[in-house]
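Visitor: Take this structure, written in structure tokens, and hold onto it; I'll ask about it next.
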Amino acid sequence: MSNNRTNKQYDISYNLGQVAMGMEPADLVITNGTLVNVYTGELIANTDVAIKDGRIAYVGQASHTIGASTQVIDAAGRYISPGLLDGHMHVESTMLSVTEFSKAALAKGTTAIFMDPHEIANVFGTEGVRLMHEEGRGLPLKVYTTFPSCVPSTTDLEDAGAELQVTDIAEGMTWDGVAGLGEVMNFPGVVHGEPKMTGEIKATMQAGKAVTGHFPSDDEQQLQAYIAAGVTSCHETVTREQGLTKLRLGMHLMIREGSAWHDVKEVIKVVTEDQVRTDNIMLVTDDVYPETLVEKGHLNHVIRRAIEEGVDPVTAIQMGTINTARYFKLDGDIGGIAPGKCADLLLIDDLHQMEPSTVITNGELIYNEGKLLAEFPNYVYPEKIRQSIHLARPLTASDFLLPSQTQNTSTKVRLIQAIENSARTAKATATLHVIEGIIQPDPEQDIVQLACIERHHGTGQISLAFAQGFHLKRGAVASTVAHDSHNLLVMGTNAADMAIAANELAKLGGGMIAVCDGQILASVPMVIAGLMSDQPLETVTREVKQLAAAWKQLGCPLNAPFMTFSLIALPVIPDIRISNRGLVDVTEFKLIPVEISED
């Protein structure tokens with residue numbers, strides 16, 4: 001098995017021509033399939049595809065390209081589709097290494113991704129991005145990187161592990177395989193001309209690469225300023241109206257369907273009801289959990305969802321192949337089946353099901369009839385990346401006790417109210433008991449203690465607050481996946497379990513954990529930057545299922561509770577969050593006290 005390296009078209013064009021003319025035999029010929037032609041939108045029956053040196057040499061009746069040494073695959077009764085391209089996703093959200101993720105994605109028909117590794121960038125900066133990028137370069141999956149743009153998400157309200165400057169982005173644009181700028185979340189910074197955001201966009205445009213966006217607002221003046229600044233796509237569209245507005249302004253619309261955010265049902269109406277042209281529409285996953293990968297799939301699931309909502313299957317495939325390739329200016333290599341293109345192909349029995357029976361990348365059989373056939377290199381991260389939890393000292397129960405500023409037996413506090421299946425939070429207040437000077441959580445009112453501990457530099461900084469909406473009745477949970485700075489986040493009904501959860505998670509090297517009455521119920525160790533496991537998909541899926549069961553055992557009924565929990569620390573999405581510096585009012589971008597003084 002070769003390393004599945006991509007040959008440049010100009011290096012092998014003579015060989016391709018020789019095969020097309022019947023002068024040389026092809027390496028591989030797929031025969032008798034129905035071609036999904038994404039260039040014309042047609043299904044073309046009884047088509048062969050001849051492949052040489054990892055690229056396509058001939059499409060049509062290709063018997064003249066078959067020699068004694070040619071491998072032949074009969075695709076009778078099957079469709080020949082281009083490999084699927086995910087135009088926006090975060091590998092870290094899968095909890096898997098790039099290598100382990102690639103195995104799962106390839107088996108589902110994804111042959112290229114455009115990853116935004118901004119989670120690892122918040123922990124290890126350019127070094128972390130480079131390591132994930134390098135890991136991706138050695139795989140049968142084509143891994144392109146969009147260089148993270150907003151690291152940290154805010155400098156005034158929290159402390160991340162690293163910071164990226166305009167010079168880092170400019171340098172990143174020179175790396176082979178960097179396809180653009182990662183989602184520009186700081187849209188107010190873009191609109192108001194902040195030098196850092198303006199500089200990053202300029203560096204990307206000067207490199208001739210795509211500036212990918214993140215614009216969740218309905219403010220059309222800001223939207224037009226954002227587009228005018230150079231941002232050309234957005235995956236944060238949740239209504240048909242938003243989608244239509246963005247398309248009419250020339251923006252590329254990325255319609256998302258992940259584990260927590262399900263936007264296809266509503267946003268795809270721009271196609272099924274408004275019947276707009278689909279050239280500027282892409283389908284993407286954004287964030288997908290291991291269980292979703294196993295049970296529903298990857299980009300093939302998003303395409304299937306679009307088809308279920310009434311989109312023609314060929315149109316849906318175009319939105320997950322050629323449209324994405326054209327957006328990133330890579331359609332000379334990927335996204336379609338034509339002479340000269342990379343031989344990244346799927347054989348599919350039923351376009352409505354979108355389950356590939358065979359996956360080929362660079363002309364090599366990677367997956368066939370339920371089995372991965374490729375060899376995947378073993379990529380080991382440096383010890384520094386695997387030792388990323390730096391606490392000043394072991395934590396004790398007393399670290400999680402919040403003293404009251406009053407002498408009263410009760411006090412009024414501000415709460416972070418979690419909202420199921422939403423990235424937003426709501427401000428709330430409650431009256432809590434004070435015992436021996438300490439403000440008490442109150443599970444009866446669904447109020448639990450919250451803590452955010454700085455874990456990058458060993459400063460010993462701890463902030464305490466209260467949360468509502470998780471319905472924990474007992475125990476504690478902790479996570480080093482805490483967007484976007486990824487400090488150590490702990491939540492619980494009692495200080496003793498919170499201390500155990502924090503200390504045990506630090507010993508594991510990061511990840512997620514659930515504890516009750518001093519016992520560990522479940523854990524998902526994530527030793528790569530405290531964000532990703534180094535274990536196989538099957539192991540991580542099992543651990544995550546056990547963790548989900550443990551959350552339920554503690555009383556939490558929410559869907560995807562770890563996603564909601566990890567976002568409690570993101571101080572750029574309204575209304576209220578916790579950071580290692582304290583409680584953050586996101587609407588006013590300032591730190592606020594937990595206790596509400598009565599005077």
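In the structure tokens, chains take letters A, B, ... by order of appearance, with residues numbered from 1 within each chain and ligands from 1 in the order shown.
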May I have the residues within 10 Å of Thr564 of chain A as an mmCIF file with C-alpha atoms, in the first residue's frame, using only C-alpha atoms and disregarding those fewer than 2 positions away in the same chain?
Guide:
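Contents of the output file out.cif:
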data_model
loop_
_atom_site.group_PDB
_atom_site.id
_atom_site.type_symbol
_atom_site.label_atom_id
_atom_site.label_comp_id
_atom_site.auth_asym_id
_atom_site.auth_seq_id
_atom_site.Cartn_x
_atom_site.Cartn_y
_atom_site.Cartn_z
ATOM 1 C CA ALA A 260 -26.177 19.663 18.294
ATOM 2 C CA ALA A 418 -28.344 27.027 30.440
ATOM 3 C CA ILE A 419 -30.731 26.543 27.505
ATOM 4 C CA GLU A 420 -31.073 23.059 25.997
ATOM 5 C CA ASN A 421 -29.871 22.728 22.364
ATOM 6 C CA SER A 422 -28.746 26.350 22.314
ATOM 7 C CA ALA A 423 -25.370 28.046 22.447
ATOM 8 C CA ARG A 424 -26.990 30.990 24.256
ATOM 9 C CA THR A 425 -27.487 31.403 27.994
ATOM 10 C CA PHE A 470 -28.736 21.240 34.127
ATOM 11 C CA ALA A 482 -14.491 24.585 27.576
ATOM 12 C CA LEU A 558 -30.520 17.388 28.541
ATOM 13 C CA ASN A 559 -29.648 16.393 24.970
ATOM 14 C CA ALA A 560 -25.865 16.678 24.309
ATOM 15 C CA PRO A 561 -25.226 18.016 27.854
ATOM 16 C CA PHE A 562 -21.442 18.178 27.460
ATOM 17 C CA SER A 566 -18.559 23.306 27.433
ATOM 18 C CA LEU A 567 -20.147 26.494 26.062
ATOM 19 C CA ILE A 568 -20.868 27.905 29.535
ATOM 20 C CA ALA A 569 -17.310 29.292 29.373
#
Visitor: Residues near Gly555 of chain A, anyone? I mean within 10 Å using only C-alpha atoms, not counting same-chain ones fewer than 6 positions away, as a list in words.
Guide: Phe470, His471, Leu472, Lys473, Arg474, Gly475 and Ala549 of chain A
Visitor: Just the residues within 7 Å of segment 445-449 of chain A, please, counting only C-alpha atoms, with nothing from its chain fewer than 3 positions along; format it as a list in words.
Guide: Pro441, Asp442, Ala465, Phe466, Ala467, Gln468, Gly469, His471, Leu472, Met491, Gly492 and Thr493 of chain A
Visitor: Keeping N, CA, C and O atoms for every residue in the selection just given, could you write it to a file as a JSON list (two decimals), in the first residue's frame?
Guide:
[["chain", "number", "residue", "atom", "x", "y", "z"],
["A", 441, "PRO", "N", -25.03, 26.00, 47.17],
["A", 441, "PRO", "CA", -25.84, 25.62, 46.00],
["A", 441, "PRO", "C", -27.16, 25.03, 46.47],
["A", 441, "PRO", "O", -27.27, 24.64, 47.64],
["A", 442, "ASP", "N", -28.14, 24.95, 45.60],
["A", 442, "ASP", "CA", -29.46, 24.46, 46.00],
["A", 442, "ASP", "C", -30.07, 23.61, 44.89],
["A", 442, "ASP", "O", -30.79, 24.12, 44.02],
["A", 465, "ALA", "N", -19.07, 30.52, 40.51],
["A", 465, "ALA", "CA", -20.38, 31.11, 40.20],
["A", 465, "ALA", "C", -21.43, 30.02, 40.38],
["A", 465, "ALA", "O", -21.15, 28.97, 40.97],
["A", 466, "PHE", "N", -22.65, 30.29, 39.90],
["A", 466, "PHE", "CA", -23.73, 29.31, 40.01],
["A", 466, "PHE", "C", -24.43, 29.15, 38.66],
["A", 466, "PHE", "O", -24.51, 30.09, 37.88],
["A", 467, "ALA", "N", -24.92, 27.92, 38.40],
["A", 467, "ALA", "CA", -25.61, 27.64, 37.14],
["A", 467, "ALA", "C", -26.96, 26.99, 37.42],
["A", 467, "ALA", "O", -27.16, 26.33, 38.44],
["A", 468, "GLN", "N", -27.85, 27.18, 36.47],
["A", 468, "GLN", "CA", -29.19, 26.60, 36.55],
["A", 468, "GLN", "C", -29.55, 26.03, 35.19],
["A", 468, "GLN", "O", -29.07, 26.51, 34.16],
["A", 469, "GLY", "N", -30.36, 24.97, 35.18],
["A", 469, "GLY", "CA", -30.83, 24.42, 33.91],
["A", 469, "GLY", "C", -30.28, 23.05, 33.59],
["A", 469, "GLY", "O", -30.71, 22.41, 32.62],
["A", 471, "HIS", "N", -30.17, 20.52, 35.96],
["A", 471, "HIS", "CA", -30.98, 19.58, 36.77],
["A", 471, "HIS", "C", -30.13, 18.51, 37.48],
["A", 471, "HIS", "O", -30.62, 17.39, 37.71],
["A", 472, "LEU", "N", -28.89, 18.84, 37.83],
["A", 472, "LEU", "CA", -28.08, 17.89, 38.59],
["A", 472, "LEU", "C", -28.65, 17.76, 40.00],
["A", 472, "LEU", "O", -28.93, 18.76, 40.65],
["A", 491, "MET", "N", -18.54, 21.59, 37.61],
["A", 491, "MET", "CA", -19.89, 21.92, 38.06],
["A", 491, "MET", "C", -20.37, 20.81, 38.98],
["A", 491, "MET", "O", -20.14, 19.63, 38.71],
["A", 492, "GLY", "N", -21.03, 21.19, 40.08],
["A", 492, "GLY", "CA", -21.50, 20.13, 40.97],
["A", 492, "GLY", "C", -22.42, 20.61, 42.06],
["A", 492, "GLY", "O", -22.64, 21.81, 42.26],
["A", 493, "THR", "N", -22.96, 19.62, 42.79],
["A", 493, "THR", "CA", -23.89, 19.91, 43.89],
["A", 493, "THR", "C", -23.15, 20.03, 45.22],
["A", 493, "THR", "O", -23.71, 20.50, 46.20]]
Visitor: Pick from A:Met95, A:Ala495, A:Ala325, A:Leu415: nearest to Leu402 of chain A, with only C-alpha atoms counted?
Guide: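 That would be A:Ala495, the residue with the smallest distance to Leu402 of chain A.
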Visitor: Which residues in segment 431-540 of chain A does DSSP call alpha helix (DSSP H)? List them as a list in words.
Guide: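 Reading the DSSP output for segment 431-540 of chain A, alpha helix (DSSP H) covers Ala495, Ala496, Asp497, Met498, Ala499, Ile500, Ala501, Ala502, Asn503, Glu504, Leu505, Ala506, Lys507, Leu508, Leu537, Glu538, Thr539 and Val540 of chain A.
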Visitor: Pick out the closest residue to Glu24 of chain A from this set: A:Gly189, A:Gly67, A:Pro216, A:Pro382. Count only C-alpha atoms.
Guide: A:Gly67
Visitor: Any idea what's packed within 8 Å of Thr47 of chain A, counting only C-alpha atoms, ignoring anything in its chain fewer than 4 positions away? Could you give it as a list in words?
Guide: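 Within the cut-off, the hits are Thr31, Asn32, Gly33, Thr34, Leu35, Val59, Gly60 and Gln61 of chain A.
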Visitor: Just to be explicit: take each residue in the selection above, keep N, CA and C atoms, and write the result as a PDB file, in the first residue's frame.
Guide:
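Writing the result to again.pdb gives the following:
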ATOM      1  N   THR A  31     -16.130   0.066 -13.994  1.00  0.00           N
ATOM      2  CA  THR A  31     -16.965  -0.119 -15.192  1.00  0.00           C
ATOM      3  C   THR A  31     -18.454  -0.158 -14.847  1.00  0.00           C
ATOM      4  N   ASN A  32     -19.254   0.200 -15.844  1.00  0.00           N
ATOM      5  CA  ASN A  32     -20.722  -0.030 -15.833  1.00  0.00           C
ATOM      6  C   ASN A  32     -21.478   0.693 -14.726  1.00  0.00           C
ATOM      7  N   GLY A  33     -20.953   1.801 -14.222  1.00  0.00           N
ATOM      8  CA  GLY A  33     -21.672   2.536 -13.180  1.00  0.00           C
ATOM      9  C   GLY A  33     -22.535   3.634 -13.768  1.00  0.00           C
ATOM     10  N   THR A  34     -23.387   4.204 -12.927  1.00  0.00           N
ATOM     11  CA  THR A  34     -24.137   5.409 -13.317  1.00  0.00           C
ATOM     12  C   THR A  34     -23.403   6.610 -12.742  1.00  0.00           C
ATOM     13  N   LEU A  35     -22.865   7.444 -13.626  1.00  0.00           N
ATOM     14  CA  LEU A  35     -22.033   8.572 -13.191  1.00  0.00           C
ATOM     15  C   LEU A  35     -22.882   9.718 -12.652  1.00  0.00           C
ATOM     16  N   VAL A  59     -13.216   9.194 -18.874  1.00  0.00           N
ATOM     17  CA  VAL A  59     -14.581   8.981 -18.392  1.00  0.00           C
ATOM     18  C   VAL A  59     -15.456   8.653 -19.598  1.00  0.00           C
ATOM     19  N   GLY A  60     -16.106   7.504 -19.592  1.00  0.00           N
ATOM     20  CA  GLY A  60     -16.943   7.093 -20.733  1.00  0.00           C
ATOM     21  C   GLY A  60     -16.836   5.601 -20.922  1.00  0.00           C
ATOM     22  N   GLN A  61     -16.779   5.149 -22.160  1.00  0.00           N
ATOM     23  CA  GLN A  61     -16.560   3.724 -22.443  1.00  0.00           C
ATOM     24  C   GLN A  61     -15.053   3.494 -22.491  1.00  0.00           C
TER      25      GLN A  61
END
Visitor: Using only C-alpha atoms, pick whichever of A:Gln18, A:Gly340, A:Gly460, A:Val359 has the shortest atom-to-atom distance to Asp399 of chain A.
Guide: A:Gly460
Visitor: Tell me which protein, DNA and RNA residues are within 9 Å of segment 391-395 of chain A, counting only C-alpha atoms, leaving out same-chain ones fewer than 5 positions away, and put them as a PyMOL selection string.
Guide: chain A and resi 400+453-461+499-500+502-503+506
Visitor: Quick one: distance from atom CA of Val413 of chain A to atom CA of Ile576 of chain A in Å, one decimal?
Guide: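 Separation between atom CA of Val413 of chain A and atom CA of Ile576 of chain A: 13.1 Å.
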Visitor: Quick one: everything within 7 Å of Gly87 of chain A, counting only C-alpha atoms, minus sequence neighbours fewer than 2 positions away in the same chain. Send it as a compact mmCIF listing (two decimals) with C-alpha atoms, in the first residue's frame.
Guide:
# COMPACT_ATOMS: atom_id res chain seq x y z
CA LEU A 85 -16.02 17.49 0.83
CA MET A 89 -15.65 21.42 10.56
CA ILE A 113 -12.21 18.20 4.86
CA PHE A 114 -11.54 21.87 5.52
CA VAL A 284 -21.18 21.22 6.19
CA THR A 324 -17.10 23.38 -1.95
